[in-house]
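Following: one structure in structure tokens, then a few remarks.
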Amino acid sequence: MVHLTRDEIDHQAMTEQVRRGDCGAVVTFLGTVRDLTRERMTVALDYEAYPAMAEKKMAEIERATRERWPVGEMAIVHRLGHLEVGEVSVAVAVSCPHRGQAFDACRYAIDRLKELVPIWKKENWADGTTEWVHPGA
């Protein structure tokens, strides 16, 4: 499952959603808004996307991940809109038969998402300035 949302990400529900009896490992990655970016104080982030293309790319990442590892279930969700420090901006949950596979698959998925998916963020700095950047930059 891949999804963009303007609502809070229910990462506990995502983790439960990917659990399976034939998979002994579940790895969940949470990306959160941090308060310091490149030595500058961040007060909030704004995320925007081209939804049709972003979800298409996210689905491609899910397919590629499943081709490389024995993924039981997988979920990728990214927030859009205004997020405060500490809020979850992206979550990836993966189940696999073994922990090494689950860790590798989850890392691959989030790394590819950051590289390929057309989602942009605007850094809102403490000094009142802003800057749009690609999250993978």
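Each chain in the structure tokens gets a letter, A, B, ..., in the order shown, and its residues are numbered from 1; ligands are numbered from 1 in order too.
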ask   = Which residues, written as an MDAnalysis selection string, have at least one atom at most 7 Å from A:Leu80, with only C-alpha atoms counted and residues fewer than 4 positions away on the same chain left out?
value = chainID A and resid 4:6 47:48
Skipping near chain neighbours, those fewer than 6 positions away, what residues fall within 12 Å of A:Ala64 using only C-alpha atoms, listed as an mmCIF file with C-alpha atoms, in the first residue's frame?
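Result file is around14.cif:
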```cif
data_model
loop_
_atom_site.group_PDB
_atom_site.id
_atom_site.type_symbol
_atom_site.label_atom_id
_atom_site.label_comp_id
_atom_site.auth_asym_id
_atom_site.auth_seq_id
_atom_site.Cartn_x
_atom_site.Cartn_y
_atom_site.Cartn_z
ATOM 1 C CA LYS A 57 6.705 6.409 -8.155
ATOM 2 C CA MET A 58 5.906 5.101 -4.653
ATOM 3 C CA PRO A 70 10.734 -11.703 0.182
ATOM 4 C CA VAL A 71 8.391 -8.986 1.419
ATOM 5 C CA MET A 74 4.562 -3.320 2.879
ATOM 6 C CA ALA A 105 14.043 -3.748 2.288
ATOM 7 C CA CYS A 106 12.896 -0.879 4.498
ATOM 8 C CA TYR A 108 16.003 0.548 0.278
ATOM 9 C CA ALA A 109 12.398 1.787 0.127
ATOM 10 C CA ARG A 112 14.559 5.349 -3.107
ATOM 11 C CA LEU A 113 11.575 7.432 -1.986
#
```
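If you look at atom CA of A:Val92 and atom CA of A:Val43, they are 24.1 Å away from each other.
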key: Distance query A:Gly21 at most 12 Å, only C-alpha atoms, self and fewer than 4 positions along chain excluded, as a list in words   =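 These residues fall inside the cut-off: Glu16, Gln17, Ala25, Val26, Gly72, Glu73, Ser95, Cys96 and Pro97 of chain A.
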message = Using DSSP secondary structure from the backbone, list all alpha helix (DSSP H) positions within stretch 6-128 of chain A, as a ChimeraX atom specification.
response = /A:11-18,51-68,99-116
query = Looking only at the backbone, which of the residues in chain A does DSSP tag as strand (DSSP E or B), as an MDAnalysis selection string?
reply = chainID A and resid 2:5 25:32 36:37 40:49 74:79 81:84 88:96 119:125 130:133
task = Find the distance between atom CA of A:Ser89 and atom CA of A:Gly31 and write it in Å to one decimal.
result = 5.6 Å
task = Find the residue from A:Arg63, A:Arg79, A:His3, A:Arg68 that sits nearest to A:Asp46; use only C-alpha atoms when measuring.
result =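 Of A:Arg63, A:Arg79, A:His3, A:Arg68, the one nearest A:Asp46, counting only C-alpha atoms, is A:Arg79.
Restricting the calculation to only C-alpha atoms, the smallest distance between A:Val85 and any of A:Asn124, A:Thr15, A:Gln101, A:Thr129 is found for A:Asn124.
A straight line drawn from atom CA of A:Leu30 to atom CA of A:Ala75 is 11.9 Å long.
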message = Just checking: using only C-alpha atoms, which residue out of A:Ala126, A:Ile61, A:Arg38, A:Met1 ends up closest to A:Val18?
response = A:Met1
message = Ranking A:Ala59, A:Val77, A:Val27, A:Ile119 by minimum distance to A:Arg99 and counting only C-alpha atoms, which one comes first?
response =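 So, comparing all the options, the nearest one is A:Val27.
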ask   = Taking only C-alpha atoms into account, which of A:Leu45, A:Ile110, A:Ala91, A:Ile9 comes nearest A:Glu131?
value =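 With only C-alpha atoms as the atom set, the closest residue is A:Leu45.
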